[in-house]
>>> print(open('data-v7.cif').read())   # mmCIF, C-alpha atoms and all ligand atoms
data_model
#
loop_
_atom_site.label_atom_id
_atom_site.label_comp_id
_atom_site.auth_asym_id
_atom_site.auth_seq_id
_atom_site.Cartn_x
_atom_site.Cartn_y
_atom_site.Cartn_z
CA MET A 1 -33.95 125.45 46.37
CA LYS A 2 -32.18 127.15 49.26
CA PRO A 3 -30.03 130.11 48.12
CA TYR A 4 -26.35 129.22 48.15
CA LEU A 5 -25.71 132.35 50.14
CA ASP A 6 -27.76 130.95 53.01
CA MET A 7 -26.17 127.49 52.98
CA THR A 8 -23.93 126.12 55.69
CA LYS A 9 -20.49 124.78 54.80
CA GLU A 10 -21.81 121.18 54.93
CA GLU A 11 -24.71 122.02 52.62
CA LEU A 12 -22.37 123.73 50.19
CA LEU A 13 -20.00 120.76 50.19
CA ALA A 14 -22.89 118.40 49.45
CA GLU A 15 -24.09 120.68 46.64
CA LYS A 16 -20.55 120.83 45.25
CA VAL A 17 -20.47 117.08 44.80
CA LYS A 18 -23.68 117.25 42.76
CA VAL A 19 -22.61 120.21 40.63
CA GLU A 20 -19.17 118.69 39.99
CA ALA A 21 -20.80 115.52 38.75
CA GLU A 22 -22.96 117.55 36.41
CA TYR A 23 -19.90 119.45 35.18
CA LYS A 24 -17.98 116.22 34.57
CA GLY A 25 -20.87 115.04 32.40
CA PHE A 26 -20.53 118.15 30.24
CA GLU A 27 -16.75 117.71 30.00
CA GLU A 28 -17.23 114.17 28.78
CA ALA A 29 -19.75 115.23 26.15
CA ASN A 30 -17.01 116.93 24.05
CA LEU A 31 -19.15 119.97 23.33
CA SER A 32 -18.14 122.73 20.97
CA LEU A 33 -20.49 125.69 21.49
CA ASN A 34 -20.00 129.42 21.23
CA MET A 35 -21.84 132.28 22.92
CA ALA A 36 -18.99 134.76 22.61
CA ARG A 37 -19.88 137.31 19.95
CA GLY A 38 -23.06 139.04 18.88
CA LYS A 39 -23.24 137.56 15.43
CA PRO A 40 -26.50 137.05 13.52
CA SER A 41 -27.32 133.38 12.98
CA PRO A 42 -27.26 131.87 9.46
CA GLU A 43 -31.08 131.84 9.59
CA GLN A 44 -31.08 135.61 10.12
CA LEU A 45 -28.61 136.15 7.30
CA ASP A 46 -30.92 134.16 5.02
CA LEU A 47 -33.57 136.86 5.52
CA SER A 48 -31.58 139.18 3.27
CA LEU A 49 -30.48 136.74 0.56
CA GLU A 50 -32.89 138.30 -1.89
CA MET A 51 -30.81 141.46 -1.72
CA LEU A 52 -27.95 139.74 -3.53
CA ASN A 53 -29.94 139.53 -6.76
CA ILE A 54 -31.81 142.74 -6.42
CA ILE A 55 -29.51 144.51 -8.85
CA THR A 56 -28.59 142.80 -12.11
CA PRO A 57 -26.37 143.73 -15.10
CA GLU A 58 -29.51 144.45 -17.11
CA ASP A 59 -30.74 146.73 -14.40
CA TYR A 60 -30.41 150.48 -14.33
CA LEU A 61 -27.34 150.88 -12.10
CA LYS A 62 -27.53 154.61 -11.78
CA ALA A 63 -28.38 156.49 -8.64
CA GLU A 64 -31.29 158.89 -8.77
CA ASN A 65 -28.90 161.78 -9.44
CA GLY A 66 -27.58 159.93 -12.48
CA ALA A 67 -24.32 158.80 -10.86
CA ASP A 68 -23.17 155.45 -12.24
CA CYS A 69 -22.92 153.27 -9.14
CA ARG A 70 -20.26 151.12 -10.84
CA ASN A 71 -17.85 154.02 -10.94
CA TYR A 72 -15.92 156.28 -8.56
CA GLY A 73 -17.54 159.25 -6.87
CA GLU A 74 -20.32 160.31 -4.52
CA LEU A 75 -18.00 160.32 -1.52
CA ASP A 76 -20.79 160.97 0.97
CA GLY A 77 -23.12 158.31 -0.49
CA ILE A 78 -25.80 158.20 -3.18
CA PRO A 79 -28.77 160.49 -2.46
CA GLU A 80 -31.33 157.73 -1.99
CA ALA A 81 -29.10 155.95 0.55
CA LYS A 82 -28.54 159.21 2.44
CA ARG A 83 -32.30 159.79 2.44
CA LEU A 84 -33.03 156.28 3.70
CA VAL A 85 -30.50 156.52 6.53
CA ALA A 86 -31.72 160.01 7.42
CA GLU A 87 -35.29 158.72 7.65
CA LEU A 88 -34.15 155.93 9.95
CA MET A 89 -31.96 158.16 12.10
CA GLY A 90 -34.46 161.00 12.16
CA CYS A 91 -32.22 163.69 10.70
CA ARG A 92 -31.78 165.63 7.45
CA PRO A 93 -30.17 163.77 4.49
CA ASP A 94 -27.45 166.42 4.21
CA MET A 95 -26.37 165.52 7.76
CA VAL A 96 -25.62 161.94 6.66
CA CYS A 97 -22.57 160.35 5.07
CA VAL A 98 -23.14 156.80 3.90
CA CYS A 99 -19.79 155.05 3.96
CA GLY A 100 -18.54 151.48 3.71
CA ASN A 101 -19.32 148.18 5.32
CA ALA A 102 -18.78 148.93 9.03
CA SER A 103 -19.62 151.68 11.48
CA LEU A 104 -16.70 150.65 13.67
CA SER A 105 -14.25 151.78 11.01
CA ILE A 106 -15.99 155.18 10.80
CA MET A 107 -15.60 155.51 14.56
CA TYR A 108 -11.96 154.45 14.37
CA ASP A 109 -11.32 156.94 11.57
CA ASN A 110 -12.79 159.77 13.59
CA VAL A 111 -10.73 159.06 16.68
CA SER A 112 -7.64 158.44 14.58
CA ARG A 113 -7.94 161.66 12.54
CA SER A 114 -8.49 163.59 15.78
CA VAL A 115 -5.12 162.24 16.93
CA THR A 116 -3.23 162.82 13.70
CA HIS A 117 -4.90 165.85 12.10
CA GLY A 118 -7.31 167.38 14.59
CA ILE A 119 -10.98 167.96 13.87
CA MET A 120 -12.53 171.25 12.76
CA GLY A 121 -9.26 173.14 13.08
CA ASN A 122 -8.43 171.93 16.59
CA THR A 123 -4.92 170.85 17.62
CA PRO A 124 -4.18 167.22 16.76
CA TRP A 125 -4.21 165.27 19.99
CA LYS A 126 -0.72 163.92 19.29
CA ASP A 127 0.58 167.48 19.72
CA LEU A 128 -1.08 168.13 23.07
CA LYS A 129 1.03 168.27 26.23
CA GLU A 130 -1.23 166.05 28.25
CA GLU A 131 -2.79 162.67 27.70
CA VAL A 132 -6.22 162.68 26.01
CA LYS A 133 -9.06 160.91 27.85
CA PHE A 134 -12.34 159.28 26.86
CA LEU A 135 -15.23 158.53 29.17
CA CYS A 136 -16.31 154.92 28.95
CA PRO A 137 -19.69 153.90 30.35
CA VAL A 138 -19.22 150.43 31.86
CA PRO A 139 -19.94 147.73 31.15
CA GLY A 140 -19.65 148.67 27.48
CA TYR A 141 -18.59 147.54 24.03
CA ASP A 142 -15.08 146.07 24.02
CA ARG A 143 -14.22 147.29 20.52
CA HIS A 144 -14.87 150.92 21.50
CA PHE A 145 -12.35 150.50 24.27
CA ALA A 146 -9.92 148.75 21.92
CA ILE A 147 -9.97 151.81 19.63
CA CYS A 148 -8.91 154.03 22.52
CA GLU A 149 -6.30 151.58 23.72
CA SER A 150 -4.76 151.22 20.25
CA LEU A 151 -4.47 155.01 19.91
CA GLY A 152 -3.08 155.61 23.40
CA ILE A 153 -6.17 157.34 24.80
CA LYS A 154 -6.70 157.04 28.53
CA MET A 155 -10.06 155.57 29.47
CA ILE A 156 -12.14 156.56 32.48
CA ASN A 157 -14.91 154.25 33.72
CA ILE A 158 -18.36 155.78 34.10
CA PRO A 159 -20.94 153.53 35.76
CA MET A 160 -24.05 152.69 33.74
CA THR A 161 -27.52 152.94 35.25
CA PRO A 162 -30.84 151.76 33.75
CA ASP A 163 -31.24 155.37 32.46
CA GLY A 164 -27.81 155.53 30.83
CA PRO A 165 -24.40 156.65 32.05
CA ASP A 166 -24.05 158.38 35.43
CA MET A 167 -24.63 161.91 34.13
CA ASP A 168 -23.38 163.70 37.25
CA MET A 169 -19.97 162.17 36.65
CA VAL A 170 -20.14 162.82 32.89
CA GLU A 171 -21.01 166.51 33.40
CA ASP A 172 -18.29 166.92 35.97
CA TYR A 173 -15.51 165.46 33.81
CA VAL A 174 -16.65 167.07 30.57
CA SER A 175 -17.10 170.57 31.95
CA LYS A 176 -13.87 170.65 33.96
CA ASP A 177 -11.23 168.74 32.02
CA PRO A 178 -10.17 170.02 28.57
CA TYR A 179 -8.36 166.73 27.95
CA VAL A 180 -11.60 164.77 28.11
CA LYS A 181 -12.29 164.62 24.39
CA GLY A 182 -14.98 162.02 23.99
CA ILE A 183 -17.48 159.58 25.40
CA TRP A 184 -18.72 156.28 23.98
CA CYS A 185 -22.51 155.92 24.04
CA VAL A 186 -24.75 153.10 22.84
CA PRO A 187 -28.00 154.94 23.54
CA LYS A 188 -30.46 152.22 22.63
CA TYR A 189 -30.24 148.61 23.84
CA SER A 190 -26.74 149.30 25.11
CA ASN A 191 -24.09 146.65 24.68
CA PRO A 192 -24.14 144.58 26.88
CA GLN A 193 -26.93 145.55 29.32
CA GLY A 194 -29.64 146.42 26.81
CA TYR A 195 -30.45 149.70 28.57
CA SER A 196 -31.98 152.59 26.62
CA TYR A 197 -31.17 156.14 27.66
CA SER A 198 -33.96 158.08 29.36
CA ASP A 199 -35.19 161.41 27.97
CA GLU A 200 -33.45 163.19 30.82
CA THR A 201 -30.13 161.52 29.98
CA VAL A 202 -30.38 162.51 26.30
CA ARG A 203 -31.23 166.09 27.28
CA ARG A 204 -28.34 166.23 29.71
CA PHE A 205 -26.04 165.05 26.92
CA ALA A 206 -27.34 167.76 24.62
CA ASN A 207 -26.79 170.33 27.39
CA LEU A 208 -23.17 169.39 28.08
CA ASN A 209 -20.83 172.34 28.24
CA PRO A 210 -17.44 170.84 27.43
CA ALA A 211 -14.14 172.36 28.46
CA ALA A 212 -12.69 171.03 25.19
CA ARG A 213 -13.87 172.54 21.90
CA ASP A 214 -13.23 169.21 20.17
CA PHE A 215 -15.10 167.08 22.70
CA ARG A 216 -17.42 164.71 20.84
CA ILE A 217 -20.19 162.35 21.91
CA TYR A 218 -19.75 159.12 19.97
CA TRP A 219 -23.45 158.24 19.71
CA ASP A 220 -23.20 154.67 18.44
CA ASN A 221 -26.79 153.86 17.57
CA ALA A 222 -25.86 150.30 16.58
CA TYR A 223 -29.15 148.81 17.83
CA PHE A 224 -31.49 151.59 16.76
CA VAL A 225 -34.07 149.25 15.21
CA HIS A 226 -33.24 146.00 16.95
CA SER A 227 -36.28 145.37 19.12
CA LEU A 228 -37.05 141.83 20.22
CA TYR A 229 -40.74 142.61 20.42
CA ASP A 230 -43.32 143.84 18.02
CA ASP A 231 -43.31 147.28 19.53
CA TYR A 232 -40.82 148.97 17.28
CA ASP A 233 -39.59 152.15 18.93
CA LYS A 234 -42.39 152.32 21.52
CA LYS A 235 -41.07 150.85 24.75
CA ASP A 236 -37.49 151.92 24.26
CA HIS A 237 -38.00 155.08 22.29
CA ILE A 238 -35.08 157.43 22.78
CA LEU A 239 -35.08 161.14 22.14
CA ASN A 240 -33.37 162.31 18.98
CA ILE A 241 -30.06 163.77 20.15
CA PHE A 242 -29.79 166.17 17.22
CA ASP A 243 -33.25 167.63 17.88
CA GLU A 244 -32.26 168.25 21.48
CA CYS A 245 -28.87 169.74 20.52
CA GLU A 246 -30.38 172.01 17.89
CA LYS A 247 -32.60 173.59 20.54
CA ILE A 248 -29.45 174.78 22.32
CA GLY A 249 -26.97 175.05 19.47
CA THR A 250 -24.72 172.17 20.56
CA GLU A 251 -25.09 169.97 17.48
CA ASP A 252 -21.36 170.15 16.66
CA MET A 253 -20.77 168.01 19.75
CA VAL A 254 -22.31 164.80 18.33
CA PHE A 255 -21.15 162.10 15.92
CA GLU A 256 -23.92 159.55 15.40
CA PHE A 257 -23.25 156.15 13.83
CA CYS A 258 -25.35 153.27 12.59
CA SER A 259 -25.07 150.33 10.23
CA THR A 260 -27.06 147.50 8.72
CA SER A 261 -24.64 144.85 10.02
CA LYS A 262 -27.46 143.28 12.01
CA VAL A 263 -30.17 144.18 9.54
CA THR A 264 -28.80 142.65 6.34
CA PHE A 265 -25.30 141.15 6.37
CA ALA A 266 -22.81 141.55 9.22
CA GLY A 267 -19.67 143.13 7.81
CA ALA A 268 -21.29 143.43 4.38
CA GLY A 269 -23.97 145.98 5.08
CA ILE A 270 -23.80 149.75 4.81
CA ALA A 271 -22.68 152.06 7.58
CA ALA A 272 -23.27 155.74 8.09
CA MET A 273 -22.38 158.73 10.17
CA ALA A 274 -24.68 161.66 10.91
CA ALA A 275 -23.37 164.96 12.17
CA SER A 276 -23.79 168.74 12.00
CA ASP A 277 -23.01 170.65 8.78
CA ASN A 278 -19.67 171.77 10.20
CA ASN A 279 -18.65 168.27 11.16
CA ILE A 280 -19.80 166.73 7.89
CA LYS A 281 -17.81 169.28 5.86
CA ASP A 282 -14.73 168.54 7.94
CA TRP A 283 -15.24 164.78 7.67
CA VAL A 284 -15.82 164.76 3.91
CA LYS A 285 -12.71 166.87 3.36
CA TRP A 286 -10.66 164.39 5.33
CA MET A 287 -12.36 161.35 3.74
CA GLY A 288 -11.25 162.60 0.35
CA PHE A 289 -7.67 161.69 1.28
CA ARG A 290 -8.70 158.23 2.35
CA THR A 291 -10.94 157.02 -0.47
CA ILE A 292 -12.37 158.04 -3.84
CA GLY A 293 -15.73 156.66 -2.82
CA PHE A 294 -17.42 153.78 -1.05
CA ASP A 295 -19.27 150.79 -2.50
CA LYS A 296 -22.29 152.43 -4.12
CA LEU A 297 -23.58 149.19 -5.61
CA ASN A 298 -24.09 147.94 -2.08
CA GLN A 299 -25.80 151.20 -1.16
CA LEU A 300 -28.11 150.75 -4.15
CA ARG A 301 -28.85 147.15 -3.19
CA HIS A 302 -29.74 148.24 0.33
CA VAL A 303 -32.07 151.01 -0.79
CA ARG A 304 -33.89 148.72 -3.19
CA PHE A 305 -34.17 145.99 -0.58
CA ILE A 306 -35.10 147.97 2.53
CA LYS A 307 -37.00 150.70 0.66
CA ASP A 308 -38.08 152.85 3.61
CA LYS A 309 -38.72 152.90 7.35
CA GLN A 310 -41.78 150.68 7.03
CA GLY A 311 -39.77 148.19 4.98
CA LEU A 312 -37.14 148.13 7.67
CA ILE A 313 -39.66 147.62 10.47
CA GLU A 314 -41.15 144.64 8.65
CA HIS A 315 -37.72 143.17 8.02
CA MET A 316 -36.67 143.61 11.65
CA ARG A 317 -39.82 141.79 12.79
CA LYS A 318 -38.49 138.72 11.00
CA HIS A 319 -35.19 139.03 12.88
CA ALA A 320 -37.07 139.43 16.14
CA ALA A 321 -39.08 136.27 15.47
CA ILE A 322 -35.81 134.34 15.29
CA LEU A 323 -34.04 136.08 18.16
CA ARG A 324 -36.88 136.34 20.68
CA PRO A 325 -37.16 132.61 21.49
CA LYS A 326 -33.40 132.52 22.12
CA PHE A 327 -33.50 135.41 24.56
CA GLU A 328 -36.61 134.00 26.21
CA LEU A 329 -34.94 130.63 26.62
CA CYS A 330 -32.00 132.27 28.43
CA ASP A 331 -34.43 134.29 30.54
CA LYS A 332 -36.37 131.20 31.58
CA LYS A 333 -33.28 129.19 32.39
CA LEU A 334 -31.56 131.93 34.36
CA SER A 335 -34.70 132.95 36.24
CA GLU A 336 -35.38 129.37 37.30
CA GLY A 337 -31.87 127.96 37.60
CA VAL A 338 -29.67 130.76 38.92
CA ARG A 339 -31.65 133.72 40.25
CA PRO A 340 -33.20 131.80 43.21
CA LEU A 341 -29.72 130.73 44.33
CA LYS A 342 -28.71 134.39 44.78
CA ILE A 343 -25.38 133.83 43.10
CA GLY A 344 -25.89 136.14 40.17
CA ASP A 345 -28.44 138.17 38.30
CA TYR A 346 -29.04 139.35 34.77
CA ILE A 347 -30.86 141.94 32.73
CA MET A 348 -33.44 140.70 30.25
CA PRO A 349 -33.42 143.36 27.50
CA ASN A 350 -36.18 144.39 25.10
CA GLY A 351 -33.75 144.48 22.21
CA GLY A 352 -30.15 144.42 21.11
CA TYR A 353 -27.90 141.40 21.03
CA PHE A 354 -26.83 140.63 24.58
CA ILE A 355 -27.76 139.56 28.06
CA SER A 356 -25.52 140.98 30.73
CA PHE A 357 -24.95 138.56 33.58
CA GLU A 358 -23.55 139.70 36.89
CA ALA A 359 -22.01 136.85 38.84
CA LEU A 360 -20.76 136.83 42.44
CA PRO A 361 -17.80 139.21 42.64
CA GLY A 362 -14.53 137.43 41.96
CA THR A 363 -16.04 134.59 39.91
CA ALA A 364 -16.41 135.81 36.30
CA ARG A 365 -12.97 134.68 35.13
CA ARG A 366 -13.41 131.33 36.80
CA ILE A 367 -16.82 130.84 35.14
CA VAL A 368 -15.46 131.66 31.68
CA LYS A 369 -12.53 129.26 32.21
CA LEU A 370 -14.78 126.46 33.47
CA ALA A 371 -17.10 126.95 30.49
CA LYS A 372 -14.21 126.89 28.03
CA ASP A 373 -12.88 123.66 29.52
CA ALA A 374 -16.34 122.17 29.09
CA GLY A 375 -16.50 123.23 25.43
CA VAL A 376 -18.49 126.49 25.65
CA VAL A 377 -16.76 129.68 24.55
CA LEU A 378 -18.03 132.82 26.29
CA THR A 379 -16.97 136.46 25.86
CA ALA A 380 -13.78 136.86 27.88
CA ALA A 381 -14.37 138.05 31.44
CA GLY A 382 -13.28 141.68 31.68
CA ALA A 383 -13.98 142.33 27.98
CA PRO A 384 -16.81 144.84 28.63
CA PHE A 385 -14.37 147.08 30.55
CA PRO A 386 -11.48 149.36 29.53
CA TYR A 387 -8.14 147.56 29.63
CA LYS A 388 -10.17 144.33 30.05
CA LYS A 389 -10.28 145.01 33.79
CA ASP A 390 -13.58 144.33 35.49
CA PRO A 391 -12.99 145.84 38.95
CA LYS A 392 -15.35 143.31 40.52
CA ASP A 393 -14.61 140.39 38.18
CA SER A 394 -18.32 139.75 37.92
CA VAL A 395 -19.76 140.76 34.51
CA ILE A 396 -20.19 138.20 31.73
CA ARG A 397 -21.73 139.16 28.40
CA LEU A 398 -23.89 136.42 26.95
CA ALA A 399 -24.53 136.47 23.21
CA PRO A 400 -27.48 134.19 22.42
CA SER A 401 -27.96 135.13 18.74
CA PHE A 402 -25.64 132.79 16.86
CA PRO A 403 -26.22 129.27 18.24
CA SER A 404 -29.35 127.34 17.28
CA LEU A 405 -32.02 126.98 19.98
CA ALA A 406 -30.88 123.42 20.71
CA GLU A 407 -27.24 124.51 20.99
CA LEU A 408 -28.17 127.47 23.15
CA ASP A 409 -30.17 125.22 25.44
CA LYS A 410 -27.10 123.07 26.01
CA ALA A 411 -24.70 126.03 26.25
CA MET A 412 -26.87 127.67 28.90
CA ASP A 413 -26.96 124.45 30.95
CA VAL A 414 -23.17 124.40 30.88
CA PHE A 415 -23.01 128.11 31.72
CA MET A 416 -25.34 127.75 34.69
CA CYS A 417 -23.42 124.75 35.96
CA CYS A 418 -20.20 126.80 35.80
CA VAL A 419 -21.85 129.73 37.60
CA LYS A 420 -22.91 127.38 40.37
CA LEU A 421 -19.55 125.68 40.66
CA ALA A 422 -17.61 128.94 40.74
CA ALA A 423 -20.02 130.36 43.33
CA ILE A 424 -19.70 127.32 45.59
CA GLU A 425 -15.90 127.49 45.37
CA LYS A 426 -15.97 131.18 46.23
CA LEU A 427 -18.40 130.81 49.11
CA LEU A 428 -16.41 127.92 50.55
CA THR A 429 -13.22 129.97 50.61
CA LYS A 430 -15.09 132.55 52.66
CA LEU A 431 -16.26 129.90 55.12
CA ASP A 432 -12.78 128.36 55.53
N1 LIG B 501 -21.30 149.19 17.82
C1 LIG B 501 -21.79 148.33 18.72
C2 LIG B 501 -22.33 148.85 20.00
C3 LIG B 501 -21.78 146.96 18.47
O1 LIG B 501 -22.26 146.12 19.40
C4 LIG B 501 -21.25 146.49 17.25
C5 LIG B 501 -21.20 145.05 16.97
O2 LIG B 501 -21.41 144.21 17.78
C6 LIG B 501 -20.75 147.42 16.34
C7 LIG B 501 -20.80 148.76 16.64
C8 LIG B 501 -20.15 147.00 15.04
O3 LIG B 501 -20.87 147.53 14.00
P1 LIG B 501 -20.36 147.45 12.51
O4 LIG B 501 -20.52 146.06 12.04
O5 LIG B 501 -21.22 148.43 11.79
O6 LIG B 501 -18.92 147.87 12.51
#
>>> encode(input="data-v7.cif", output="structure tokens")
Amino acid sequence: MKPYLDMTKEELLAEKVKVEAEYKGFEEANLSLNMARGKPSPEQLDLSLEMLNIITPEDYLKAENGADCRNYGELDGIPEAKRLVAELMGCRPDMVCVCGNASLSIMYDNVSRSVTHGIMGNTPWKDLKEEVKFLCPVPGYDRHFAICESLGIKMINIPMTPDGPDMDMVEDYVSKDPYVKGIWCVPKYSNPQGYSYSDETVRRFANLNPAARDFRIYWDNAYFVHSLYDDYDKKDHILNIFDECEKIGTEDMVFEFCSTSKVTFAGAGIAAMAASDNNIKDWVKWMGFRTIGFDKLNQLRHVRFIKDKQGLIEHMRKHAAILRPKFELCDKKLSEGVRPLKIGDYIMPNGGYFISFEALPGTARRIVKLAKDAGVVLTAAGAPFPYKKDPKDSVIRLAPSFPSLAELDKAMDVFMCCVKLAAIEKLLTKLD
């Protein structure tokens, strides 16, 4: 089919009649579909059901150091959970704190305590004369930006590239401005584009020379084992940030996070932070005010279920077998139905939970609204940007994981119809 961009006004008007008829059909079908959030599907959650019964009252409920997992204590996690996470993250167990059910709350706690108490003896940000800033690679994860917004931290957009954030900009801000205190990074299968940072990007992060002593890289390794293909850690292998930092002595600059939300149960997994000895000491001291200890029974369940790195790889293959056909369906539909029209493009990732779609500038909000009116909920336009402001109004994050294949098939048809309709409307206004 002729690209919309090359069509005359008459051709576009004729196409509009066709696309509007298609859209009307969807409206009349009373659909109720959702591609908004990166949630595992029920089928994926079933993969971990066995974990629920893996510990029983008759069982030995003590950790390997003898700690009774039913009782208070072990603030930084039971040793076998720390060892498991360390093996997965590629760091030493003493660098790991295994916490509660969500990595997002560990990230929130770190930003929040920096504001209220200060980290490692630095001035609490609330007492500083000037506004604190965070660098935000865009498009990015909306909940990272929401943390900053809720705590009054100014956000600065940093463009993403297929190799990671624009490092020239990052180096410039970080080395010159003492009020730049952090950067959000999703180094592997970034949310939403699915990019994995190149070796050079990781090295440049490790080599940062911040103007602020309490500048931290929030290395959110949320998708560290979430490959869609049977090539675990080969194609999108990223360098270990701590190894690179230790070569230079900059390891205090990094907070790394991960969780099993998309390995076992979302919101009922285990989450962890890895950091240098100095940071971990500081964190544990502060955590002691906040809790007497996290859910160690859940930590025990996870260790017995996942066992080790090999156990995790095998488990993640089962997730991939469910997710891959969904991503491939979107890929096929978008490559055949939208790409040739030159009204938008997308990135097909090798892992993670999202497909990032870039529509014609000025049409993302319209597409999301059209889809909603036709019964398909998409992530709000603007969500992947600080303050929900997409400067070009063009990025839409698609989350194919939750719907069934049949639902996704339908939802994508609706989405593509909305992309076409919004593009025609936009192009016609230009031709008026
Ligand atoms: N970080 C990223 C980049 C995510 O995409 C998500 C969930 O979508 C999370 C963190 C949330 O993780 P958790 O469930 O461990 O809080």
>>> residues_near_point(input="data-v7.cif", point="(-17.2, 172.2, 30.4)", cutoff="6 Å", atoms="only C-alpha atoms", output="JSON, numbers by chain")
{"A": [174, 175, 176, 209, 210, 211]}
>>> residues_around(input="data-v7.cif", residues="range 269-275 of chain A", least_positions_apart="6", cutoff="6 Å", atoms="only C-alpha atoms", output="number ranges by chain")
A: 95-103, 255-261
>>> axis_aligned_box(input="data-v7.cif", around="ligand LIG 501 (chain B)", padding_each_side="3 Å", output="AutoDock Vina command-line options")
--center_x -20.6 --center_y 146.7 --center_z 15.9 --size_x 9.4 --size_y 11.0 --size_z 14.2
>>> residues_near_ligand(input="data-v7.cif", ligand="ligand LIG 501 (chain B)", cutoff="10 Å", atoms="all atoms listed in the file", output="ChimeraX atom specification")
/A:37-40,100-108,140-144,184-192,219-223,257-262,265-272,352-354,399
>>> residues_around(input="data-v7.cif", residues="range 65-79 of chain A", least_positions_apart="5", cutoff="8 Å", atoms="only C-alpha atoms", output="PyMOL selection string")
chain A and resi 93+96-99+284+287-288+291-297+299-300
>>> closest_residue(input="data-v7.cif", among="A:Val111, A:Ile241, A:Ile147, A:Leu323", to="Lys181 in chain A", atoms="all atoms listed in the file")
A:Val111
>>> closest_residue(input="data-v7.cif", among="A:Leu228, A:Ala411, A:Ala380, A:Leu13", to="His319 in chain A", atoms="only C-alpha atoms")
A:Leu228
>>> closest_residue(input="data-v7.cif", among="A:Asn122, A:Arg304, A:Leu421, A:Arg317", to="Leu52 in chain A", atoms="all atoms listed in the file")
A:Arg304
>>> residues_around(input="data-v7.cif", residues="range 131-135 of chain A", least_positions_apart="2", cutoff="7 Å", atoms="all atoms listed in the file", output="JSON list (two decimals) with C-alpha atoms, in the frame of the given file")
[["chain", "number", "residue", "atom", "x", "y", "z"],
["A", 125, "TRP", "CA", -4.21, 165.27, 19.99],
["A", 129, "LYS", "CA", 1.03, 168.27, 26.23],
["A", 137, "PRO", "CA", -19.69, 153.90, 30.35],
["A", 153, "ILE", "CA", -6.17, 157.34, 24.80],
["A", 154, "LYS", "CA", -6.70, 157.04, 28.53],
["A", 155, "MET", "CA", -10.06, 155.57, 29.47],
["A", 156, "ILE", "CA", -12.14, 156.56, 32.48],
["A", 157, "ASN", "CA", -14.91, 154.25, 33.72],
["A", 158, "ILE", "CA", -18.36, 155.78, 34.10],
["A", 179, "TYR", "CA", -8.36, 166.73, 27.95],
["A", 180, "VAL", "CA", -11.60, 164.77, 28.11],
["A", 181, "LYS", "CA", -12.29, 164.62, 24.39],
["A", 182, "GLY", "CA", -14.98, 162.02, 23.99],
["A", 183, "ILE", "CA", -17.48, 159.58, 25.40],
["A", 184, "TRP", "CA", -18.72, 156.28, 23.98]]
>>> residues_around(input="data-v7.cif", residues="Glu425 in chain A", least_positions_apart="3", cutoff="10 Å", atoms="only C-alpha atoms", output="ChimeraX atom specification")
/A:12-13,16,363,366,420-422,428-430
>>> residues_around(input="data-v7.cif", residues="Gly118 in chain A", least_positions_apart="6", cutoff="12 Å", atoms="only C-alpha atoms", output="ChimeraX atom specification")
/A:109-112,124-128,181,213-215,279,282-283,286
>>> closest_residue(input="data-v7.cif", among="A:Arg290, A:Lys62, A:His302, A:Lys24", to="Lys82 in chain A", atoms="all atoms listed in the file")
A:His302
>>> closest_residue(input="data-v7.cif", among="A:Asn207, A:Thr264, A:Thr161, A:Ser404", to="Phe327 in chain A", atoms="only C-alpha atoms")
A:Ser404
>>> residues_near_point(input="data-v7.cif", point="(-36.9, 143.4, 11.6)", cutoff="9 Å", atoms="all atoms listed in the file", output="JSON, numbers by chain")
{"A": [225, 226, 227, 228, 232, 263, 311, 312, 313, 314, 315, 316, 317, 318, 319, 320, 321]}
>>> closest_residue(input="data-v7.cif", among="A:Ala63, A:Met160, A:Met348, A:Met412", to="Cys136 in chain A", atoms="only C-alpha atoms")
A:Met160
